[in-house]
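Each remark here refers to the structure printed beneath this line.
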Amino acid sequence: MKKFRYLILLLFIVIIFLYFYHKDLKDDFYDTINHQFLSHNYLEDDKNSYSNFSLAQDKADKEVDRILDGILKHQYDMDNDIRNSIELVYHNALDIDKRDGNGLGELNLYLKDILSVQNIDEFIHMGIKIENDLKVPIFTNITIHNDYKDNTKNIVYFYPMTLAFSSSSFIYVDEDYMAYKAYIKRGIIQLLKLYGYSKKEASTIANDLIGFYEELGNHSYSNEYYDDISHYYHIVSLDEVSSIYSNIDMNCYLMDKIGEYSGSYSLVDDGQMRFLNHYLTNDHLENLKYYAFVQVLSQYASVLDSNYMEVVLSLNHSLGGERKSIDELSLDMVLDMYSSTIGNILNSTVVHKKNSKEIEDMFLRIKDAFGIMLQNNQWLQDNTKKEALLKLKNMKLVIGMEEFREDIVVSGDTYLSNIISYQQEMWKREVDRLYDGGKENAVSESVVNAYYQPLDNSVHIPSAFFYLEDDIKSDKYFRLGYLGMIIAHEVTHGFDANGSLFDKNGNYSNWWTEEDREQFLSLCDDVSRYYDQFEVIGGRYINGKKTVNENVADLGAMRVLVTILESDKANGNDYREMFSGFANLWASEESEQYQKLLLLVDHHSPNKYRVNAVLSSTDQFYSVYHIYPWNGMYQKDRVGIW
Ligand SMILES: [Zn+2]
C-alpha cells in the first residue's frame, strides 16, 4: 500500500514536470508544427540550408538540367545560333583541362599593362580601357535602370562601387562584417599568389588594398542608407557629375560608354565618387594599380582555370557554408547566360501544366480582403485611403515569363573569350534600353520565388514557384496559409515603407498626406521595436530596423488571410489549418554559420520568427488556441500596420 502511494506521488511529480516543461504549440508554434521536419536533420555537409523552398528549388533545378540536356540533344525547336552558342559555352565551361591550359588568356595582357603603368594619366587611360573592354568597374559603377518618376524611361545611375568578389564598401567599415572582410582579404591573397606573388608580397598588397577599401567605406553611405528608395533617386546634371569627377574627362568617358545621351543621371553615392576622384593622384599610383588588377582578377576568377575557381569556391564556402564543385559552378554560369531561353521552355512546360487558376483566384481574394482592411482602416484619412484603394485595384498578377528576350550569341574559341564578348554584348543591350525605354531583365524563371515590383505595381510569380505546391495538403485553408501567404506578403509590399512611395501606375510619387505618412512611419517603428526583442542565436538579435519592410509584409499578409477566413465564416479547424500551412511554409534548417550570415545580410527575419512573431501579434491565433500570459507565444504588445 505504501509502495502504491509513492507511485502516485511520483506520477504526480511527473505530471507537474510535464505541465511546466513540456513545450507545445502554445509555447513555440513553429517548432511544434514542424517537429517532424526539424527532427530529421536533413542538412548535408556541403549545404547551408534545407527548407521547403530548397526542396522546391532542387526540383526546379532538375527540370532545368533536363531542359539543358534536351537543348543539347536538339529536342526543342529553336533558333540555331542560340542552340550553337549554348552548346559551345556548355562544352567550353565544362572542359576544365582546356581552361587550365588557357590560363589567364587575354586577361594576361590587360593585367601586365596595368602593372606597367608609370603615372596617373596612364592609369586613367588604362582604367577606361578595362572598363570598356572587360566591363569591370574601376572609376564608376554605371547602371541603366528605370526612371523612378517615369517608368516608361530608363536613366543612368551611378551606383556604389562593386569591389573584389562582389563586396561592397560598407562591409569594410562595419564591425559586424569583420569575418567577412577577413575572408575577402584571404581571397585576394590567394589570387595574387596564383598570379606569382610571394606570400609576403601578396599579404602586403592585400593589406594596402583593404586599407583603401576601408577609406572608401568611410566616405560612402552606410548599408542602411540604401534601405530607403528615395536615396537611390538623386538626380544631378552632367555638369555636377563632371565637377565631382574633375580628374577624368567625363564627357569623353560617358560618350564611350553610353553615346550621345541627354537624359538624367542619378548619383547614388556622391561621397564615394568624390573620394575616388581625389584618390586619383601619382601618390596613390601603386595602390590604384593593384586595385584595378584585383578588380579584373576577382571578377573573372570563376571563369578562369580550376585554381582560380577554387579561390571563389572556398570563399563561398567560408561565407555561407555551401560547398559547390567546379562543374556545378561552371554549369551555373551557362544556365545564367542562357536563362531566357531555358526559362522560356520551363515556362511553357510548367505554367501550362500546373494549376495557375488557383493562384489567380487567391490573388483576387487577397486583393478583396486587403480592400476590406483598407476600408476599415482607422488611422488613414479619406484621401489617402482612396489613393491606397486605387493602387490596390490597379495591382496586377504576372504568372510566368512576361516577355521573352533572345539570349546572346557567341562564337569565340575559348570560354573566357566568350564570356568577355557576352559581357560586351550585354552592355550594348543595356545602352539600347537607355534610348528605347525597354524593360530590364526580370527575375529568372527558374528561381523558386515571388516578388512585388513597385515599378509596374505587379506581383510576379516565376514558373519555378509552382514546384512549391507539389506534395502540400489539399485542404483549402492549409493551402491559403501556405501559397496564399506568399501572395499576400507580396501584395502587402505594395504598402510597405518603400512600395508605398510608388503610385498606382508604378511611378515614384507621393499619394500620402503628411500626417498619414507620419503615422505610418511611427507604426513601422513599433514593428521594428517589436522584432528587436527576439534573440536568434547566442546574443544575436533580429535587426528590427533592417527587416521592417519584410516584417510589415508578413504581418499584413496574416491580417489578409484572417480577413478572408472571417468573411468565409470559417470554423476553428479552418483557422488551425491556415496557421499550420503558414508555419509549414517556413520550415527550414540552417547551419549556424549561415544563420549568422543571414542575420547580417538578409532583410527577412529568420523563418522561425517569421512564423512565431507574426502569430503572437494575431488576435485570432490567441482565441483559436487559447493562448494565455503563461504561454510562450503570448505577447502583451502586439503590432501590425494594415
Ligand atoms: Zn518580401
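Ordering of the C-alpha cells sets the chain letters (A, B, ...); residue numbers start at 1 within each chain; ligands are numbered from 1 in the order shown.
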Selection: 9 Å around segment 160-175 of chain A, only C-alpha atoms, excl. self and same-chain fewer than 4 positions, as a VMD selection string: chain A and resid 137 to 142 180 to 181 184 187 to 188 210 to 211 213 to 218 220 to 223 268 to 270 272 to 273 291 294 to 299 301 312 315
Which residues come within 12 Å of Lys23 of chain A, counting only C-alpha atoms, excluding same-chain residues fewer than 4 positions away, as a PyMOL selection string? chain A and resi 17-19+27-33+35+630-633
Write out, as a CSV table (one decimal), in the first residue's frame, the residues just selected, with C-alpha atoms.
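See part22.csv below for the written result:
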```
chain,number,residue,atom,x,y,z
A,17,PHE,CA,7.0,18.5,-14.5
A,18,LEU,CA,5.5,17.8,-18.0
A,19,TYR,CA,2.9,20.6,-17.4
A,27,ASP,CA,4.8,28.0,-26.5
A,28,ASP,CA,6.5,27.5,-29.8
A,29,PHE,CA,4.1,27.1,-32.7
A,30,TYR,CA,6.8,26.9,-35.4
A,31,ASP,CA,8.8,24.2,-33.7
A,32,THR,CA,5.8,22.1,-32.7
A,33,ILE,CA,4.1,22.2,-36.1
A,35,HIS,CA,8.5,18.9,-35.3
A,630,TRP,CA,2.0,31.9,-19.2
A,631,ASN,CA,2.3,30.5,-22.8
A,632,GLY,CA,5.5,31.1,-24.8
A,633,MET,CA,3.6,32.5,-27.8
```
Find the residues of chain A that sit at most 12 Å from ligand 1; for each, write down the nearest two atoms and how far apart they are in Å, to one decimal. Count only C-alpha atoms and all ligand atoms. Sort by chain, then by number going up, and give it as a tab-separated table.
```
residue	atom	partner	partner_atom_place_in_ligand_line	distance
A:Asn449	CA	ligand 1	1 (Zn)	9.9
A:Ala450	CA	ligand 1	1 (Zn)	8.4
A:Tyr451	CA	ligand 1	1 (Zn)	6.8
A:Tyr452	CA	ligand 1	1 (Zn)	7.8
A:Gln453	CA	ligand 1	1 (Zn)	10.7
A:Val459	CA	ligand 1	1 (Zn)	11.0
A:His460	CA	ligand 1	1 (Zn)	12.0
A:Met485	CA	ligand 1	1 (Zn)	10.8
A:Ile486	CA	ligand 1	1 (Zn)	8.4
A:Ile487	CA	ligand 1	1 (Zn)	9.8
A:Ala488	CA	ligand 1	1 (Zn)	9.9
A:His489	CA	ligand 1	1 (Zn)	6.3
A:Glu490	CA	ligand 1	1 (Zn)	6.0
A:Val491	CA	ligand 1	1 (Zn)	9.3
A:Thr492	CA	ligand 1	1 (Zn)	8.6
A:His493	CA	ligand 1	1 (Zn)	6.5
A:Gly494	CA	ligand 1	1 (Zn)	10.1
A:Phe495	CA	ligand 1	1 (Zn)	11.4
A:Asp496	CA	ligand 1	1 (Zn)	9.7
A:Asn498	CA	ligand 1	1 (Zn)	11.4
A:Gly499	CA	ligand 1	1 (Zn)	10.8
A:Thr547	CA	ligand 1	1 (Zn)	9.6
A:Val548	CA	ligand 1	1 (Zn)	10.2
A:Asn549	CA	ligand 1	1 (Zn)	7.4
A:Glu550	CA	ligand 1	1 (Zn)	4.9
A:Asn551	CA	ligand 1	1 (Zn)	8.1
A:Val552	CA	ligand 1	1 (Zn)	9.0
A:Ala553	CA	ligand 1	1 (Zn)	6.3
A:Asp554	CA	ligand 1	1 (Zn)	7.7
A:Leu555	CA	ligand 1	1 (Zn)	11.1
A:Gly556	CA	ligand 1	1 (Zn)	11.2
A:Ala557	CA	ligand 1	1 (Zn)	10.4
A:Asp602	CA	ligand 1	1 (Zn)	10.7
A:His603	CA	ligand 1	1 (Zn)	8.3
A:His604	CA	ligand 1	1 (Zn)	7.2
A:Ser605	CA	ligand 1	1 (Zn)	10.2
A:Arg610	CA	ligand 1	1 (Zn)	11.0
```
Limited to N, CA and C atoms, could you put the picked residues into a file as an mmCIF file, in the first residue's frame?
```cif
data_model
loop_
_atom_site.group_PDB
_atom_site.id
_atom_site.type_symbol
_atom_site.label_atom_id
_atom_site.label_comp_id
_atom_site.auth_asym_id
_atom_site.auth_seq_id
_atom_site.Cartn_x
_atom_site.Cartn_y
_atom_site.Cartn_z
ATOM 1 N N ASN A 449 10.429 31.583 -56.221
ATOM 2 C CA ASN A 449 10.355 32.912 -55.637
ATOM 3 C C ASN A 449 9.045 33.560 -56.070
ATOM 4 N N ALA A 450 8.720 34.683 -55.461
ATOM 5 C CA ALA A 450 7.649 35.549 -55.933
ATOM 6 C C ALA A 450 8.077 36.933 -55.504
ATOM 7 N N TYR A 451 7.699 37.955 -56.208
ATOM 8 C CA TYR A 451 8.126 39.279 -55.780
ATOM 9 C C TYR A 451 7.152 40.359 -56.248
ATOM 10 N N TYR A 452 7.145 41.461 -55.497
ATOM 11 C CA TYR A 452 6.349 42.623 -55.886
ATOM 12 C C TYR A 452 7.274 43.600 -56.582
ATOM 13 N N GLN A 453 6.891 44.061 -57.757
ATOM 14 C CA GLN A 453 7.694 45.049 -58.479
ATOM 15 C C GLN A 453 6.959 46.397 -58.421
ATOM 16 N N VAL A 459 2.500 41.849 -58.866
ATOM 17 C CA VAL A 459 3.083 40.705 -58.175
ATOM 18 C C VAL A 459 3.511 39.702 -59.246
ATOM 19 N N HIS A 460 4.765 39.309 -59.220
ATOM 20 C CA HIS A 460 5.301 38.394 -60.234
ATOM 21 C C HIS A 460 5.526 37.000 -59.638
ATOM 22 N N MET A 485 -0.161 32.861 -48.359
ATOM 23 C CA MET A 485 0.703 33.711 -47.538
ATOM 24 C C MET A 485 1.728 34.434 -48.413
ATOM 25 N N ILE A 486 2.321 33.693 -49.350
ATOM 26 C CA ILE A 486 3.363 34.284 -50.196
ATOM 27 C C ILE A 486 2.765 35.413 -51.042
ATOM 28 N N ILE A 487 1.597 35.142 -51.613
ATOM 29 C CA ILE A 487 0.990 36.154 -52.487
ATOM 30 C C ILE A 487 0.570 37.383 -51.668
ATOM 31 N N ALA A 488 -0.038 37.118 -50.501
ATOM 32 C CA ALA A 488 -0.492 38.231 -49.653
ATOM 33 C C ALA A 488 0.701 39.061 -49.162
ATOM 34 N N HIS A 489 1.804 38.368 -48.895
ATOM 35 C CA HIS A 489 3.038 39.060 -48.486
ATOM 36 C C HIS A 489 3.488 40.013 -49.601
ATOM 37 N N GLU A 490 3.460 39.534 -50.836
ATOM 38 C CA GLU A 490 3.900 40.381 -51.958
ATOM 39 C C GLU A 490 2.939 41.548 -52.178
ATOM 40 N N VAL A 491 1.646 41.285 -52.050
ATOM 41 C CA VAL A 491 0.661 42.374 -52.192
ATOM 42 C C VAL A 491 0.949 43.453 -51.138
ATOM 43 N N THR A 492 1.233 43.023 -49.902
ATOM 44 C CA THR A 492 1.486 43.988 -48.828
ATOM 45 C C THR A 492 2.751 44.806 -49.091
ATOM 46 N N HIS A 493 3.712 44.231 -49.829
ATOM 47 C CA HIS A 493 4.911 45.008 -50.181
ATOM 48 C C HIS A 493 4.553 46.292 -50.941
ATOM 49 N N GLY A 494 3.434 46.271 -51.618
ATOM 50 C CA GLY A 494 2.987 47.490 -52.291
ATOM 51 C C GLY A 494 2.672 48.603 -51.297
ATOM 52 N N PHE A 495 2.540 48.211 -50.028
ATOM 53 C CA PHE A 495 2.174 49.173 -48.986
ATOM 54 C C PHE A 495 3.164 49.150 -47.826
ATOM 55 N N ASP A 496 4.420 48.723 -48.099
ATOM 56 C CA ASP A 496 5.445 48.865 -47.065
ATOM 57 C C ASP A 496 6.125 50.230 -47.254
ATOM 58 N N ASN A 498 8.783 51.283 -48.607
ATOM 59 C CA ASN A 498 9.282 51.581 -49.946
ATOM 60 C C ASN A 498 8.187 51.509 -51.003
ATOM 61 N N GLY A 499 7.459 50.390 -51.006
ATOM 62 C CA GLY A 499 6.419 50.185 -52.019
ATOM 63 C C GLY A 499 5.396 51.304 -52.012
ATOM 64 N N THR A 547 14.882 44.727 -41.011
ATOM 65 C CA THR A 547 13.905 43.761 -41.502
ATOM 66 C C THR A 547 12.481 44.330 -41.546
ATOM 67 N N VAL A 548 12.345 45.628 -41.277
ATOM 68 C CA VAL A 548 10.993 46.168 -41.054
ATOM 69 C C VAL A 548 10.046 45.969 -42.240
ATOM 70 N N ASN A 549 10.508 46.196 -43.450
ATOM 71 C CA ASN A 549 9.593 46.073 -44.586
ATOM 72 C C ASN A 549 9.103 44.643 -44.778
ATOM 73 N N GLU A 550 9.996 43.693 -44.574
ATOM 74 C CA GLU A 550 9.590 42.290 -44.701
ATOM 75 C C GLU A 550 8.624 41.907 -43.585
ATOM 76 N N ASN A 551 8.895 42.424 -42.378
ATOM 77 C CA ASN A 551 8.001 42.107 -41.261
ATOM 78 C C ASN A 551 6.629 42.745 -41.444
ATOM 79 N N VAL A 552 6.615 43.957 -41.967
ATOM 80 C CA VAL A 552 5.342 44.631 -42.260
ATOM 81 C C VAL A 552 4.557 43.793 -43.280
ATOM 82 N N ALA A 553 5.277 43.245 -44.278
ATOM 83 C CA ALA A 553 4.612 42.424 -45.300
ATOM 84 C C ALA A 553 4.078 41.125 -44.690
ATOM 85 N N ASP A 554 4.849 40.514 -43.783
ATOM 86 C CA ASP A 554 4.388 39.277 -43.129
ATOM 87 C C ASP A 554 3.156 39.541 -42.258
ATOM 88 N N LEU A 555 3.233 40.599 -41.462
ATOM 89 C CA LEU A 555 2.120 40.916 -40.551
ATOM 90 C C LEU A 555 0.862 41.268 -41.353
ATOM 91 N N GLY A 556 1.056 42.067 -42.393
ATOM 92 C CA GLY A 556 -0.075 42.475 -43.238
ATOM 93 C C GLY A 556 -0.694 41.267 -43.916
ATOM 94 N N ALA A 557 0.177 40.339 -44.383
ATOM 95 C CA ALA A 557 -0.318 39.156 -45.087
ATOM 96 C C ALA A 557 -1.170 38.299 -44.156
ATOM 97 N N ASP A 602 20.434 39.396 -44.613
ATOM 98 C CA ASP A 602 19.070 39.153 -45.078
ATOM 99 C C ASP A 602 18.103 40.212 -44.527
ATOM 100 N N HIS A 603 17.213 40.673 -45.371
ATOM 101 C CA HIS A 603 16.217 41.647 -44.937
ATOM 102 C C HIS A 603 14.954 40.987 -44.402
ATOM 103 N N HIS A 604 14.960 39.650 -44.363
ATOM 104 C CA HIS A 604 13.837 38.926 -43.753
ATOM 105 C C HIS A 604 14.245 38.502 -42.348
ATOM 106 N N SER A 605 13.260 38.348 -41.463
ATOM 107 C CA SER A 605 13.546 37.751 -40.160
ATOM 108 C C SER A 605 13.812 36.265 -40.380
ATOM 109 N N ARG A 610 9.506 34.520 -38.498
ATOM 110 C CA ARG A 610 8.514 34.912 -39.495
ATOM 111 C C ARG A 610 7.175 34.266 -39.141
#
```
Segment 327-544 of chain A: residues DSSP assigns to alpha helix (DSSP H), reported as a compact mmCIF listing (two decimals) with C-alpha atoms, in the first residue's frame:
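Once everything was written out, this is states-v7.txt:
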```txt
# COMPACT_ATOMS: atom_id res chain seq x y z
CA ASP A 327 31.46 21.57 -62.51
CA GLU A 328 28.50 22.98 -60.60
CA LEU A 329 29.97 26.47 -60.62
CA SER A 330 30.65 26.18 -64.36
CA LEU A 331 27.15 24.95 -65.08
CA ASP A 332 25.61 27.79 -63.05
CA MET A 333 27.29 30.26 -65.35
CA VAL A 334 25.90 28.60 -68.51
CA LEU A 335 22.40 28.48 -67.04
CA ASP A 336 22.67 32.11 -66.06
CA MET A 337 23.83 33.23 -69.51
CA SER A 339 18.35 31.83 -68.59
CA SER A 340 15.93 33.45 -71.00
CA THR A 341 15.92 30.53 -73.48
CA ILE A 342 15.79 27.93 -70.70
CA GLY A 343 13.23 29.96 -68.73
CA ASN A 344 11.01 30.16 -71.78
CA ILE A 345 10.96 26.38 -72.13
CA LEU A 346 10.42 25.97 -68.38
CA ASN A 347 7.58 28.45 -68.59
CA SER A 348 5.82 26.53 -71.34
CA THR A 349 6.27 23.17 -69.61
CA VAL A 350 5.43 24.25 -66.05
CA SER A 356 -2.23 28.70 -62.10
CA LYS A 357 -6.01 29.15 -61.75
CA GLU A 358 -5.71 28.51 -58.00
CA ILE A 359 -3.05 31.23 -57.72
CA GLU A 360 -5.11 33.68 -59.79
CA ASP A 361 -8.18 33.06 -57.60
CA MET A 362 -6.14 33.50 -54.44
CA PHE A 363 -4.73 36.77 -55.74
CA LEU A 364 -8.25 38.14 -56.34
CA ARG A 365 -9.46 37.05 -52.90
CA ILE A 366 -6.38 38.57 -51.30
CA LYS A 367 -6.95 41.86 -53.09
CA ASP A 368 -10.58 41.87 -51.94
CA ALA A 369 -9.55 41.20 -48.35
CA PHE A 370 -6.88 43.89 -48.44
CA GLY A 371 -9.57 46.25 -49.75
CA ILE A 372 -11.79 45.44 -46.77
CA MET A 373 -8.85 46.12 -44.45
CA LEU A 374 -8.26 49.49 -46.09
CA GLN A 375 -11.96 50.39 -45.89
CA ASN A 376 -11.99 49.54 -42.18
CA ASP A 382 -10.15 59.66 -46.60
CA ASN A 383 -7.93 60.99 -49.38
CA THR A 384 -5.01 58.69 -48.65
CA LYS A 385 -7.42 55.80 -48.25
CA LYS A 386 -8.90 56.50 -51.65
CA GLU A 387 -5.45 56.52 -53.28
CA ALA A 388 -4.46 53.30 -51.49
CA LEU A 389 -7.62 51.62 -52.77
CA LEU A 390 -6.89 52.79 -56.31
CA LYS A 391 -3.37 51.43 -56.09
CA LEU A 392 -4.69 48.11 -54.85
CA LYS A 393 -7.30 47.95 -57.61
CA ASN A 394 -4.61 48.56 -60.23
CA TYR A 415 35.36 30.02 -72.59
CA LEU A 416 36.97 33.25 -71.43
CA SER A 417 36.69 34.97 -74.82
CA ASN A 418 33.01 34.02 -74.97
CA ILE A 419 32.37 35.38 -71.50
CA ILE A 420 34.06 38.66 -72.42
CA SER A 421 32.11 39.08 -75.65
CA TYR A 422 28.93 38.16 -73.78
CA GLN A 423 29.59 40.96 -71.26
CA GLN A 424 30.20 43.43 -74.08
CA GLU A 425 27.00 42.47 -75.87
CA MET A 426 25.04 42.69 -72.61
CA TRP A 427 26.26 46.24 -72.11
CA LYS A 428 25.24 47.18 -75.67
CA ARG A 429 21.74 45.96 -74.90
CA GLU A 430 21.68 47.98 -71.70
CA VAL A 431 22.61 51.10 -73.64
CA ASP A 432 19.88 50.36 -76.20
CA ARG A 433 17.38 50.36 -73.35
CA LEU A 434 18.55 53.84 -72.47
CA TYR A 435 17.24 55.02 -75.82
CA ASP A 436 14.24 52.78 -76.47
CA LYS A 476 -8.24 24.80 -48.85
CA TYR A 477 -7.20 26.76 -45.77
CA PHE A 478 -3.89 24.97 -45.39
CA ARG A 479 -3.08 25.98 -48.98
CA MET A 485 0.70 33.71 -47.54
CA ILE A 486 3.36 34.28 -50.20
CA ILE A 487 0.99 36.15 -52.49
CA ALA A 488 -0.49 38.23 -49.65
CA HIS A 489 3.04 39.06 -48.49
CA GLU A 490 3.90 40.38 -51.96
CA VAL A 491 0.66 42.37 -52.19
CA THR A 492 1.49 43.99 -48.83
CA HIS A 493 4.91 45.01 -50.18
CA GLU A 514 1.85 64.37 -44.39
CA GLU A 515 0.03 63.30 -41.21
CA ASP A 516 -0.83 59.88 -42.61
CA ARG A 517 2.75 59.28 -43.68
CA GLU A 518 3.99 60.24 -40.22
CA GLN A 519 1.50 57.93 -38.60
CA PHE A 520 2.53 55.12 -40.96
CA LEU A 521 6.23 55.57 -40.20
CA SER A 522 5.57 55.65 -36.48
CA LEU A 523 3.69 52.33 -36.78
CA CYS A 524 6.72 50.99 -38.70
CA ASP A 525 8.89 52.00 -35.73
CA ASP A 526 6.63 49.98 -33.42
CA VAL A 527 7.13 46.96 -35.69
CA SER A 528 10.92 47.48 -35.59
CA ARG A 529 10.96 47.61 -31.79
CA TYR A 530 8.76 44.53 -31.53
CA TYR A 531 11.14 42.44 -33.67
CA ASP A 532 14.25 43.79 -31.91
```
Can you tell me which residues surround Asn34 of chain A at a distance of at most 12 Å, considering only C-alpha atoms, apart from same-chain residues fewer than 6 positions away, and format the answer as an MDAnalysis selection string? chainID A and resid 24:25 28 40 51:52 579:589 607:608 611
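The space separating atom CA of Ser39 of chain A from atom CA of Ala56 of chain A comes to 19.7 Å.
If you look at atom CA of Asp471 of chain A and atom CA of Phe53 of chain A, they are 12.6 Å away from each other.
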Find the spatial neighbours of Glu122 of chain A, counting only C-alpha atoms, within a cut-off of 12 Å - ignore same-chain residues fewer than 6 positions away - and output them as a PDB file with N, CA and C atoms, in the first residue's frame.
```pdb
ATOM      1  N   ASP A 113      49.625  45.189 -68.525  1.00  0.00           N
ATOM      2  CA  ASP A 113      49.553  46.624 -68.828  1.00  0.00           C
ATOM      3  C   ASP A 113      49.245  47.455 -67.582  1.00  0.00           C
ATOM      4  N   ILE A 114      48.350  46.945 -66.743  1.00  0.00           N
ATOM      5  CA  ILE A 114      48.027  47.689 -65.515  1.00  0.00           C
ATOM      6  C   ILE A 114      49.293  47.847 -64.673  1.00  0.00           C
ATOM      7  N   LEU A 115      50.022  46.743 -64.517  1.00  0.00           N
ATOM      8  CA  LEU A 115      51.181  46.765 -63.632  1.00  0.00           C
ATOM      9  C   LEU A 115      52.323  47.631 -64.174  1.00  0.00           C
ATOM     10  N   SER A 116      52.337  47.832 -65.491  1.00  0.00           N
ATOM     11  CA  SER A 116      53.450  48.619 -66.045  1.00  0.00           C
ATOM     12  C   SER A 116      53.113  50.106 -66.206  1.00  0.00           C
ATOM     13  N   ILE A 128      40.054  53.182 -68.091  1.00  0.00           N
ATOM     14  CA  ILE A 128      38.920  53.350 -69.004  1.00  0.00           C
ATOM     15  C   ILE A 128      38.897  52.209 -70.025  1.00  0.00           C
ATOM     16  N   LYS A 129      40.075  51.827 -70.486  1.00  0.00           N
ATOM     17  CA  LYS A 129      40.165  50.718 -71.445  1.00  0.00           C
ATOM     18  C   LYS A 129      39.617  49.418 -70.828  1.00  0.00           C
ATOM     19  N   ILE A 248      38.775  63.206 -64.336  1.00  0.00           N
ATOM     20  CA  ILE A 248      38.512  62.438 -65.562  1.00  0.00           C
ATOM     21  C   ILE A 248      37.678  63.315 -66.486  1.00  0.00           C
ATOM     22  N   LEU A 280      42.771  59.825 -57.208  1.00  0.00           N
ATOM     23  CA  LEU A 280      43.472  59.631 -58.486  1.00  0.00           C
ATOM     24  C   LEU A 280      44.690  60.555 -58.601  1.00  0.00           C
ATOM     25  N   THR A 281      45.734  60.264 -57.818  1.00  0.00           N
ATOM     26  CA  THR A 281      46.973  61.047 -57.895  1.00  0.00           C
ATOM     27  C   THR A 281      48.156  60.094 -57.990  1.00  0.00           C
ATOM     28  N   ASN A 282      49.316  60.646 -58.381  1.00  0.00           N
ATOM     29  CA  ASN A 282      50.521  59.816 -58.503  1.00  0.00           C
ATOM     30  C   ASN A 282      50.934  59.193 -57.170  1.00  0.00           C
ATOM     31  N   LEU A 285      49.494  55.819 -56.825  1.00  0.00           N
ATOM     32  CA  LEU A 285      49.564  55.019 -58.047  1.00  0.00           C
ATOM     33  C   LEU A 285      49.691  53.512 -57.780  1.00  0.00           C
ATOM     34  N   LEU A 288      46.477  52.060 -56.543  1.00  0.00           N
ATOM     35  CA  LEU A 288      45.475  52.080 -57.617  1.00  0.00           C
ATOM     36  C   LEU A 288      45.719  50.947 -58.617  1.00  0.00           C
ATOM     37  N   LYS A 289      46.979  50.701 -58.919  1.00  0.00           N
ATOM     38  CA  LYS A 289      47.304  49.641 -59.867  1.00  0.00           C
ATOM     39  C   LYS A 289      46.804  48.286 -59.342  1.00  0.00           C
TER      40      LYS A 289
END
```
Shell around Met255 of chain A at 12 Å using only C-alpha atoms, local window under 6 positions removed, as a list in words: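 Non-adjacent residues within range: Ile128, Asn132, Leu238, Asp249, Tyr261, Ser262 and Val431 of chain A.
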Contacts of Gly70 of chain A at 12 Å (only C-alpha atoms; same-chain gap of 5+ positions) as a ChimeraX atom specification: /A:63-65,75-78,83,86-87,342,345-346
Selection above as a file: N, CA and C atoms, as a short mmCIF file (atom, residue, chain, number, x, y, z; two decimals), in the first residue's frame:
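And here's out_28.cif as it stands now:
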```cif
data_model
loop_
_atom_site.label_atom_id
_atom_site.label_comp_id
_atom_site.auth_asym_id
_atom_site.auth_seq_id
_atom_site.Cartn_x
_atom_site.Cartn_y
_atom_site.Cartn_z
N GLU A 63 14.63 20.03 -63.34
CA GLU A 63 13.90 20.28 -64.57
C GLU A 63 14.76 21.13 -65.53
N VAL A 64 15.47 22.10 -64.96
CA VAL A 64 16.36 22.94 -65.77
C VAL A 64 17.47 22.09 -66.40
N ASP A 65 18.03 21.17 -65.61
CA ASP A 65 19.07 20.27 -66.15
C ASP A 65 18.51 19.43 -67.30
N GLN A 75 16.29 18.53 -78.93
CA GLN A 75 14.89 18.11 -78.76
C GLN A 75 13.91 19.27 -78.88
N TYR A 76 14.41 20.49 -78.86
CA TYR A 76 13.50 21.63 -78.94
C TYR A 76 13.69 22.37 -80.25
N ASP A 77 12.59 22.87 -80.73
CA ASP A 77 12.62 23.68 -81.94
C ASP A 77 13.06 25.09 -81.53
N MET A 78 14.24 25.52 -81.93
CA MET A 78 14.72 26.83 -81.51
C MET A 78 15.73 27.41 -82.49
N ARG A 83 21.16 27.85 -80.13
CA ARG A 83 21.48 26.47 -79.74
C ARG A 83 22.99 26.23 -79.85
N ILE A 86 24.76 27.87 -76.95
CA ILE A 86 24.61 27.13 -75.69
C ILE A 86 25.53 25.91 -75.70
N GLU A 87 25.54 25.20 -76.83
CA GLU A 87 26.42 24.03 -76.95
C GLU A 87 27.88 24.41 -76.73
N ILE A 342 16.18 29.04 -71.57
CA ILE A 342 15.79 27.93 -70.70
C ILE A 342 14.51 28.27 -69.94
N ILE A 345 11.38 27.78 -72.02
CA ILE A 345 10.96 26.38 -72.13
C ILE A 345 10.33 25.93 -70.81
N LEU A 346 10.97 26.31 -69.70
CA LEU A 346 10.42 25.97 -68.38
C LEU A 346 9.01 26.53 -68.23
#
```
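Taking atom CA of Arg274 of chain A as the reference point, atom CA of Lys257 of chain A is found at 20.3 Å.
Residues within 9 Å of Ser266 of chain A, counting only C-alpha atoms and excluding same-chain residues fewer than 3 positions away, are Asp147, Ile155, Val156, Tyr157, Phe158, Tyr159, Tyr232, Tyr233, His234, Ile235, Val236 and Ser237 of chain A.
Secondary structure of segment 341-507 of chain A, strand (DSSP E or B) only (DSSP, backbone atoms): A:Lys396, A:Leu397, A:Val398, A:Ile399, A:Tyr451, A:Tyr452, A:Gln453, A:Ser458, A:Val459, A:His460, A:Ile461, A:Phe502.
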Write the selection just made, keeping N, CA and C atoms, as a compact mmCIF listing (two decimals), in the first residue's frame?
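Result saved to selection19.txt:
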```txt
# COMPACT_ATOMS: atom_id res chain seq x y z
N LYS A 396 -1.53 44.21 -60.43
CA LYS A 396 -1.73 43.07 -61.33
C LYS A 396 -0.92 41.85 -60.87
N LEU A 397 -1.32 40.71 -61.41
CA LEU A 397 -0.58 39.48 -61.16
C LEU A 397 0.05 39.03 -62.47
N VAL A 398 1.35 38.75 -62.45
CA VAL A 398 2.02 38.26 -63.65
C VAL A 398 2.56 36.87 -63.34
N ILE A 399 2.00 35.87 -64.03
CA ILE A 399 2.45 34.50 -63.80
C ILE A 399 3.36 34.07 -64.95
N TYR A 451 7.70 37.95 -56.21
CA TYR A 451 8.13 39.28 -55.78
C TYR A 451 7.15 40.36 -56.25
N TYR A 452 7.15 41.46 -55.50
CA TYR A 452 6.35 42.62 -55.89
C TYR A 452 7.27 43.60 -56.58
N GLN A 453 6.89 44.06 -57.76
CA GLN A 453 7.69 45.05 -58.48
C GLN A 453 6.96 46.40 -58.42
N SER A 458 3.00 45.30 -59.74
CA SER A 458 2.57 43.93 -60.03
C SER A 458 3.24 42.93 -59.12
N VAL A 459 2.50 41.85 -58.87
CA VAL A 459 3.08 40.71 -58.18
C VAL A 459 3.51 39.70 -59.25
N HIS A 460 4.76 39.31 -59.22
CA HIS A 460 5.30 38.39 -60.23
C HIS A 460 5.53 37.00 -59.64
N ILE A 461 5.08 36.01 -60.38
CA ILE A 461 5.25 34.62 -59.96
C ILE A 461 6.05 33.90 -61.05
N PHE A 502 5.46 54.45 -54.24
CA PHE A 502 5.11 54.36 -55.66
C PHE A 502 3.59 54.36 -55.80
```
